[in-house]
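Listing of input.cif, mmCIF, C-alpha atoms
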data_my_file
loop_
_atom_site.label_atom_id
_atom_site.label_comp_id
_atom_site.auth_asym_id
_atom_site.auth_seq_id
_atom_site.Cartn_x
_atom_site.Cartn_y
_atom_site.Cartn_z
CA MET A 1 0.00 0.00 0.00
CA ASN A 2 1.29 3.43 -0.87
CA GLN A 3 1.17 5.42 2.32
CA SER A 4 2.39 8.69 0.88
CA CYS A 5 -0.05 11.36 1.98
CA ASN A 6 0.77 13.78 -0.76
CA GLU A 7 -0.18 12.00 -3.95
CA HIS A 8 -3.34 13.99 -4.51
CA ALA A 9 -2.52 17.04 -2.46
CA SER A 10 -4.06 20.24 -3.67
CA ASP A 11 -2.03 22.43 -6.02
CA HIS A 12 -1.24 25.04 -3.41
CA SER A 13 0.42 22.53 -1.11
CA PRO A 14 4.12 21.73 -1.21
CA GLN A 15 4.87 18.26 -2.53
CA ARG A 16 6.00 16.88 0.79
CA PRO A 17 5.59 13.10 0.94
CA VAL A 18 4.50 11.91 4.36
CA PRO A 19 6.50 8.86 5.42
CA ALA A 20 4.62 5.78 6.56
CA ASP A 21 5.94 6.33 10.07
CA ARG A 22 3.80 9.48 10.34
CA ILE A 23 0.71 7.24 10.21
CA LEU A 24 0.23 5.38 13.48
CA ILE A 25 -2.59 2.83 13.73
CA GLU A 26 -3.05 0.76 16.84
CA LEU A 27 -5.55 -1.52 18.55
CA THR A 28 -4.91 -1.92 22.26
CA HIS A 29 -6.38 -3.63 25.30
CA GLN A 30 -4.72 -1.04 27.56
CA ARG A 31 -6.11 2.33 28.62
CA ILE A 32 -5.15 4.87 25.94
CA ASP A 33 -2.58 7.40 27.14
CA VAL A 34 -3.37 10.44 25.00
CA GLY A 35 -0.39 12.40 26.33
CA ALA A 36 2.01 9.71 25.15
CA LEU A 37 0.63 10.05 21.61
CA ARG A 38 1.22 13.79 21.30
CA GLY A 39 4.78 13.46 20.09
CA HIS A 40 3.69 11.37 17.11
CA ILE A 41 1.97 14.25 15.31
CA THR A 42 4.49 16.94 16.22
CA ASP A 43 5.89 18.62 13.13
CA PRO A 44 7.65 22.01 12.95
CA ASP A 45 5.79 22.86 9.74
CA THR A 46 2.31 22.39 11.16
CA GLY A 47 0.21 25.08 12.76
CA ALA A 48 -2.66 22.93 13.98
CA HIS A 49 -2.91 19.80 16.08
CA ALA A 50 -6.45 18.45 16.46
CA TRP A 51 -7.63 15.62 18.72
CA PHE A 52 -10.80 13.64 19.21
CA GLU A 53 -11.49 11.27 22.09
CA GLY A 54 -14.57 9.06 22.07
CA VAL A 55 -15.36 8.05 25.66
CA THR A 56 -17.86 5.75 27.33
CA ARG A 57 -21.03 7.68 28.21
CA ARG A 58 -23.07 6.76 31.28
CA MET A 59 -26.62 7.73 30.25
CA THR A 60 -28.23 7.06 26.86
CA ALA A 61 -31.94 7.83 26.42
CA GLY A 62 -32.53 7.45 30.15
CA ARG A 63 -30.76 4.09 30.41
CA GLU A 64 -27.60 3.71 32.47
CA THR A 65 -24.53 2.06 31.02
CA VAL A 66 -21.86 0.65 33.33
CA LYS A 67 -19.25 -0.22 30.70
CA LEU A 68 -18.69 -0.99 27.04
CA ALA A 69 -16.75 -3.92 25.63
CA TYR A 70 -15.25 -3.86 22.15
CA GLU A 71 -14.11 -6.64 19.85
CA ALA A 72 -12.60 -6.42 16.37
CA PHE A 73 -11.66 -8.45 13.35
CA GLU A 74 -8.21 -7.15 14.14
CA PRO A 75 -6.16 -7.51 10.94
CA MET A 76 -8.98 -6.10 8.80
CA ALA A 77 -9.69 -3.31 11.29
CA VAL A 78 -6.04 -2.23 11.17
CA SER A 79 -6.06 -2.40 7.37
CA GLU A 80 -9.28 -0.36 7.10
CA LEU A 81 -8.05 2.22 9.61
CA ARG A 82 -4.79 2.58 7.70
CA GLN A 83 -6.62 3.08 4.40
CA LEU A 84 -8.82 5.75 5.99
CA ALA A 85 -5.77 7.45 7.49
CA VAL A 86 -4.04 7.57 4.08
CA GLN A 87 -7.22 8.96 2.48
CA ALA A 88 -7.50 11.59 5.22
CA CYS A 89 -3.89 12.64 4.67
CA GLU A 90 -4.56 13.11 0.96
CA ARG A 91 -7.88 14.86 1.42
CA PHE A 92 -6.95 17.22 4.23
CA ASP A 93 -3.21 17.70 3.65
CA LEU A 94 -2.33 16.19 7.00
CA ALA A 95 1.30 15.96 8.06
CA ALA A 96 0.78 13.15 10.56
CA ILE A 97 -2.04 11.12 12.02
CA VAL A 98 -2.62 8.70 14.86
CA ILE A 99 -5.67 6.49 15.36
CA VAL A 100 -5.84 4.23 18.42
CA HIS A 101 -8.90 2.11 19.21
CA ARG A 102 -9.25 0.25 22.46
CA LEU A 103 -10.56 -3.32 22.67
CA GLY A 104 -12.01 -5.19 25.64
CA GLU A 105 -13.82 -3.41 28.47
CA VAL A 106 -13.89 0.38 28.62
CA ALA A 107 -15.20 2.01 31.81
CA ILE A 108 -17.32 5.16 31.98
CA GLY A 109 -15.30 8.23 31.06
CA GLU A 110 -12.41 6.30 29.53
CA PRO A 111 -11.57 6.71 25.83
CA SER A 112 -12.41 3.93 23.38
CA ILE A 113 -10.94 5.82 20.44
CA VAL A 114 -8.39 8.60 20.08
CA ILE A 115 -7.61 10.34 16.81
CA GLY A 116 -4.96 13.02 16.51
CA CYS A 117 -3.77 14.78 13.40
CA SER A 118 -1.60 17.72 12.43
CA ALA A 119 -1.72 20.02 9.43
CA ALA A 120 -0.32 23.34 8.29
CA HIS A 121 -3.67 25.04 8.95
CA ARG A 122 -6.54 24.40 11.34
CA VAL A 123 -9.34 23.73 8.86
CA GLY A 124 -7.76 20.56 7.48
CA ALA A 125 -6.95 19.13 10.88
CA LEU A 126 -10.37 19.97 12.36
CA THR A 127 -12.33 18.74 9.32
CA ALA A 128 -10.47 15.44 9.19
CA LEU A 129 -11.78 14.35 12.59
CA PRO A 130 -15.54 14.06 11.88
CA TRP A 131 -14.77 12.76 8.39
CA LEU A 132 -12.73 9.94 9.92
CA MET A 133 -15.22 9.18 12.70
CA ASP A 134 -18.12 8.88 10.24
CA ARG A 135 -16.19 6.37 8.14
CA ILE A 136 -14.85 4.43 11.11
CA LYS A 137 -18.39 4.02 12.39
CA ALA A 138 -19.53 2.78 8.97
CA ASP A 139 -16.75 0.52 7.71
CA VAL A 140 -14.19 -0.58 10.29
CA PRO A 141 -14.95 -4.06 11.69
CA ILE A 142 -15.10 -3.20 15.37
CA TRP A 143 -18.15 -3.95 17.52
CA LYS A 144 -19.36 -2.57 20.81
CA ARG A 145 -21.25 -4.50 23.46
CA GLU A 146 -23.11 -2.34 25.91
CA HIS A 147 -23.44 -3.47 29.54
CA PHE A 148 -26.35 -1.78 31.32
CA ALA A 149 -26.82 -1.07 35.03
CA ASP A 150 -29.94 -3.27 35.03
CA GLY A 151 -27.75 -6.30 34.24
CA ASN A 152 -28.69 -6.59 30.58
CA GLN A 153 -26.15 -6.41 27.80
CA GLN A 154 -26.40 -6.21 24.05
CA TRP A 155 -24.30 -5.91 20.93
CA ILE A 156 -24.76 -2.59 19.21
CA HIS A 157 -25.42 -3.24 15.52
CA PRO A 158 -26.69 -0.01 13.92
CA GLN A 159 -29.04 -0.72 11.02
CA MET R 1 -17.72 -29.49 -3.03
CA ALA R 2 -15.10 -27.61 -1.08
CA ARG R 3 -14.66 -26.58 2.52
CA PHE R 4 -15.21 -22.92 3.40
CA GLU R 5 -14.44 -21.48 6.83
CA ILE R 6 -16.34 -18.33 7.72
CA LEU R 7 -15.19 -16.11 10.57
CA MET R 8 -18.06 -14.95 12.80
CA PHE R 9 -18.10 -11.86 15.01
CA ALA R 10 -20.15 -10.11 17.68
CA ALA R 11 -23.88 -10.98 17.66
CA ALA R 12 -23.39 -13.30 14.66
CA ARG R 13 -20.81 -15.27 16.64
CA GLU R 14 -23.08 -15.53 19.67
CA LEU R 15 -26.16 -16.49 17.66
CA SER R 16 -24.27 -19.18 15.76
CA GLY R 17 -22.38 -20.40 18.84
CA THR R 18 -19.08 -20.47 16.98
CA ASP R 19 -16.39 -18.09 15.79
CA LEU R 20 -15.69 -20.28 12.76
CA LEU R 21 -18.56 -21.66 10.69
CA VAL R 22 -17.48 -24.51 8.41
CA VAL R 23 -19.60 -24.99 5.28
CA GLU R 24 -19.25 -27.36 2.34
CA MET R 25 -20.07 -25.52 -0.89
CA GLU R 26 -19.17 -25.53 -4.55
CA SER R 27 -16.13 -23.40 -5.41
CA PRO R 28 -16.06 -20.73 -6.62
CA ILE R 29 -19.35 -19.43 -5.25
CA ALA R 30 -20.95 -15.98 -5.26
CA ALA R 31 -20.67 -14.04 -2.01
CA GLY R 32 -24.45 -13.54 -1.99
CA GLU R 33 -24.94 -17.29 -2.13
CA ILE R 34 -22.59 -17.72 0.83
CA MET R 35 -24.85 -15.33 2.76
CA ASN R 36 -27.89 -17.40 1.80
CA ARG R 37 -26.19 -20.59 2.95
CA ILE R 38 -25.26 -19.01 6.27
CA GLY R 39 -28.92 -18.12 6.79
CA GLU R 40 -29.99 -21.69 6.03
CA ILE R 41 -27.43 -23.23 8.36
CA VAL R 42 -27.97 -20.74 11.20
CA PRO R 43 -31.59 -19.55 10.97
CA ALA R 44 -31.10 -17.41 14.08
CA ILE R 45 -28.81 -15.14 12.04
CA ALA R 46 -31.17 -14.84 9.07
CA PRO R 47 -32.97 -11.69 10.32
CA MET R 48 -29.70 -9.77 10.65
CA LEU R 49 -28.13 -10.97 7.39
CA PRO R 50 -29.56 -8.20 5.17
CA ALA R 51 -27.57 -5.72 7.27
CA CYS R 52 -24.38 -7.81 7.21
CA ARG R 53 -21.54 -7.67 4.70
CA LEU R 54 -19.05 -10.29 3.62
CA ALA R 55 -15.32 -9.67 3.68
CA VAL R 56 -12.98 -11.80 1.59
CA ASP R 57 -9.28 -11.65 2.39
CA GLN R 58 -10.06 -8.65 4.60
CA SER R 59 -11.86 -6.55 2.00
CA PHE R 60 -15.61 -6.02 1.64
CA VAL R 61 -17.13 -7.65 -1.44
CA GLY R 62 -20.47 -7.32 -3.19
CA GLY R 63 -22.95 -10.15 -3.57
CA GLU R 64 -21.84 -10.94 -7.13
CA ALA R 65 -18.17 -11.46 -6.23
CA LEU R 66 -16.92 -15.00 -6.74
CA VAL R 67 -15.19 -16.54 -3.76
CA ASP R 68 -12.76 -19.45 -3.94
CA ALA R 69 -12.37 -22.09 -1.28
CA GLY R 70 -9.26 -21.22 0.69
CA ALA R 71 -10.03 -17.51 0.77
CA GLU R 72 -10.41 -15.95 4.20
CA VAL R 73 -14.14 -15.25 4.51
CA ALA R 74 -15.67 -13.20 7.31
CA LEU R 75 -19.28 -12.29 8.06
CA ILE R 76 -19.29 -8.63 9.12
CA PRO R 77 -22.37 -7.54 11.11
CA PRO R 78 -23.12 -3.79 11.19
CA VAL R 79 -20.11 -2.23 12.87
CA SER R 80 -20.21 -0.03 15.97
CA GLY R 81 -16.67 1.09 16.71
CA GLY R 82 -15.66 4.53 17.86
#
Here is a file; write its structure as structure tokens.
Amino acid sequence: MNQSCNEHASDHSPQRPVPADRILIELTHQRIDVGALRGHITDPDTGAHAWFEGVTRRMTAGRETVKLAYEAFEPMAVSELRQLAVQACERFDLAAIVIVHRLGEVAIGEPSIVIGCSAAHRVGALTALPWLMDRIKADVPIWKREHFADGNQQWIHPQ
Amino acid sequence: MARFEILMFAAARELSGTDLLVVEMESPIAAGEIMNRIGEIVPAIAPMLPACRLAVDQSFVGGEALVDAGAEVALIPPVSGG
């Protein structure tokens, strides 16, 4: 897979290929340490670093959740996340990107996903985040099981 | 007839009681036909199949795609990551 982020960069951007090591994709069973990821997207030529953390919410439509548990088809999830990261680099002229998704149980308030990206200007970095989240929620083979306070649990399979 | 192994995940895994469904089918076979066969073998999954996709060698395929025995086949229920 060609991981250069600059193949289809817009005409006004410098032709600055982004090495594969500026795209970090990870699935982890450990709590995600956002601070430890900051260094990955640092780049002296960027003026914007944008981050998104998706965390476990306690109340949904009046029902209390105690925890979420995630499972993945891991090799395909990594492959899909990497493809999305490369597309985001091309589309939004990103200099670096990190996507980490947690697997296993995730307690209330803890992050299940962290995305960070850097770009020369803020609009690209900020716009990349919802673009990526929408596609991750549609196409990356990761599933969430919700555990409720009333003892019930269910897989979340949006139709 | 050839042996196909289909990886099962999330609710599909729980409803079928296995993470690897083994099915004897002609090869090659259309992905859509594999879905039909899964529904016949595990009727409990049938209601959710229209919302599921098939991945072959870790890429989504359409119903017309031909799948050879030996390919890595996975039934992908609607995803809910993030």
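Checking A:Ala77, A:Val98, A:Cys89, A:Thr127 one by one against chain R, counting only C-alpha atoms, you find the shortest gap at A:Ala77.
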Taking all atoms listed in the file into account, name the residue in A:Val55, A:Val106, A:Leu129, A:Ile41 that is nearest to chain R.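 Closest candidate: A:Val55.
Straight-line separation from CA of Thr65 (chain A) to CA of Thr18 (chain R): 27.1 Å.
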Select residues of chain A: the criterion is any atom within 12 Å of an atom of chain R, counting only C-alpha atoms; output as a PyMOL selection string. chain A and resi 27+52-56+68-81+83+99-104+106+111-115+129-130+132-146+153-159
Applied to this file, what does the PyMOL selection byres ((chain R and resi 66) around 12) return in terms of residues, put as an MDAnalysis selection string? chainID R and resid 26:34 54:56 61:65 67:69 71 73
Nearest candidate to Gln87 (chain A) (options A:His49, A:Trp131, A:Arg122, A:Met59; using only C-alpha atoms): A:Trp131
Determine the residue membership of the PyMOL selection byres ((chain A and resi 31) around 8) for the file above and supply it as a list in words.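 Going through the file, the PyMOL selection byres ((chain A and resi 31) around 8) ends up selecting Thr28, His29, Gln30, Ile32, Asp33, Arg102, Glu110 and Pro111 of chain A.
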Contact residues around Arg22 (chain A) with all atoms listed in the file at 12 Å, ignoring same-chain residues under 5 positions, as a PyMOL selection string: chain A and resi 3-5+17+37+39-43+82+85-86+89+94-99+116-119
